[in-house]
Amino acid sequence: MAIPEELWREIDATREQWSQTHRPTVPAMEELLYLPFAILDHGFVRVIDYQGDDAAIVQAARVSYGKGTKSVRDDRALIRYLLRKKHTTPFEMCELKLHVKLPIFVARQWIRTRTASVNEYSARFSVLEDDFYVPEIAQICAQSTENRQGRGEQLADAVVVQESIRSLSKLAYATYTSLLERGVARELARIIVPPNVYSMWYWKIDLHNLLRFQLLRLDERAQWEIRQYAEVIDMLLRKWVPVTHQAFMDYQRYAVSLSAMARGVIKRLLKGEQVQRDYDLMSKREWDELIGEFELEDVIA
Ligand SMILES: Cc1cc2nc3c(=O)[nH]c(=O)nc-3n(C[C@H](O)[C@H](O)[C@H](O)COP(=O)(O)OP(=O)(O)OC[C@H]3O[C@@H](n4cnc5c(N)ncnc54)[C@H](O)[C@@H]3O)c2cc1C
């Protein structure tokens, strides 16, 4: 993806400015401040600002728990305890502000996270840019037969499909431009542009709600395109709040929660009992998930 010259000039000018502060900063975040990380064919994410760090979470939590000991090991243990026990408010003390360029269909999924502050590019006020998302060949797949929300195998005629997406986008933009030339209001001309056109926004969210977003959008059931953004945010989190990020991986992202019935099944297996699928106890999908998660294909008939 080519970052526009104008944006690079703005980034360079902003990165030349330095301010002194008594506030804690995170060197790894200072390094990447304002720089764009390319996503899809025209998208990016860049950090505009951040507030707080792992220590800010500990500082806030200690108000509730009293002073206590303060070694690095204790701080790490406290953060991991807070996340494990879902004591969430200390994580709200940290905030991240991103500048995101994303296709509108991704924006529609993203905006469902209501607990953030957003300022979006206005296509009533400004003219849309000629940037449309055209999926790469590997992503042009058939409707999944197993997951009604997902995609399956790559299509044999993906090249043809890709070309038709590209040519429709070009036609839509040409029509949009001709409507503007005829004097049609920008707020009306934009209605013919498809949802693979790119938009931009500033998005500010606290760390607690960002982790919720990440849990949903890093998951393989999330649409591939929004997952690409979540992967970049994951890299940012690792640099910004490494202890919290690791705790998130351990207690949320790669953790499994069990229903009371599934817990009962695992207990019976551990006691050496034979277990058969019982659809009065759990649905087929629940059995499939449990068996898949713990690789019990040879154990449960
Ligand atoms: C794979 C996937 C598929 C999806 N499919 C669909 C779909 O088909 N259709 C669809 O409409 N959505 C769909 N969604 C969106 C989903 O239903 C949620 O709206 C979205 O993930 C935001 O989650 P959230 O409510 O936890 O986040 P947020 O909106 O950030 O809210 C966080 C929490 O804050 C609280 N909160 C926020 N606002 C309110 C409020 N007004 N009142 C009370 N409490 C509030 C709630 O506790 C909420 O859980 C999908 C999401 C995913 C990840």
# chains A, B, ... in the order shown; residues from 1 in each chain; ligands from 1
>>> select_by_dssp(residues="region 10-134 of chain A", states="strand (DSSP E or B)", output="JSON, numbers by chain")
{"A": [37, 38, 39, 43, 44, 45, 46, 47, 48, 49, 50, 51, 95, 96, 97, 98, 99, 100, 101, 102, 103, 116, 117, 118, 119, 120, 132]}
>>> write_last_selection(atoms="C-alpha atoms", output="mmCIF file, in the first residue's frame")
data_model
loop_
_atom_site.group_PDB
_atom_site.id
_atom_site.type_symbol
_atom_site.label_atom_id
_atom_site.label_comp_id
_atom_site.auth_asym_id
_atom_site.auth_seq_id
_atom_site.Cartn_x
_atom_site.Cartn_y
_atom_site.Cartn_z
ATOM 1 C CA PHE A 37 1.102 0.097 9.634
ATOM 2 C CA ALA A 38 -0.257 -1.029 6.268
ATOM 3 C CA ILE A 39 -3.305 -3.308 6.239
ATOM 4 C CA GLY A 43 -5.731 0.578 4.817
ATOM 5 C CA PHE A 44 -3.579 1.415 7.805
ATOM 6 C CA VAL A 45 -3.558 1.844 11.572
ATOM 7 C CA ARG A 46 -1.374 4.369 13.339
ATOM 8 C CA VAL A 47 -1.105 5.387 16.974
ATOM 9 C CA ILE A 48 -1.955 9.045 17.497
ATOM 10 C CA ASP A 49 -1.759 9.000 21.281
ATOM 11 C CA TYR A 50 -1.756 6.725 24.303
ATOM 12 C CA GLN A 51 -2.240 7.266 28.004
ATOM 13 C CA GLU A 95 -6.359 4.676 26.675
ATOM 14 C CA LEU A 96 -5.298 4.339 23.057
ATOM 15 C CA LYS A 97 -6.114 6.726 20.197
ATOM 16 C CA LEU A 98 -5.757 5.325 16.676
ATOM 17 C CA HIS A 99 -6.060 6.767 13.187
ATOM 18 C CA VAL A 100 -7.559 3.990 11.043
ATOM 19 C CA LYS A 101 -8.175 3.754 7.304
ATOM 20 C CA LEU A 102 -10.597 0.909 6.605
ATOM 21 C CA PRO A 103 -13.229 -0.258 4.085
ATOM 22 C CA ALA A 116 -15.203 3.959 22.080
ATOM 23 C CA SER A 117 -15.081 7.575 20.868
ATOM 24 C CA VAL A 118 -15.131 8.018 17.094
ATOM 25 C CA ASN A 119 -14.632 10.821 14.578
ATOM 26 C CA GLU A 120 -15.157 9.629 11.002
ATOM 27 C CA PHE A 132 -11.580 0.572 -2.948
#
>>> residues_near_ligand(ligand="ligand 1", cutoff="7 Å", atoms="only C-alpha atoms and all ligand atoms", output="list of chain:residue names")
A:Gln109, A:Arg112, A:Thr113, A:Arg114, A:Thr115, A:Ala116, A:Asn209, A:Arg212, A:Phe213, A:Leu216, A:Arg217, A:Arg221, A:Ala222, A:Gln223
>>> select_by_dssp(residues="region 50-291 of chain A", states="helix (DSSP H, G or I)", output="PyMOL selection string")
chain A and resi 54-65+72-84+89-93+104-110+137-139+158-181+186-192+207-217+224-240+242-253+260-270+284-291
>>> closest_residue(among="A:Pro242, A:Gln162, A:Leu270, A:Met93", to="Ile205 (chain A)", atoms="only C-alpha atoms")
A:Met93
>>> closest_residue(among="A:Glu289, A:Asp157, A:Asp250, A:Asp280", to="Arg80 (chain A)", atoms="only C-alpha atoms")
A:Asp250
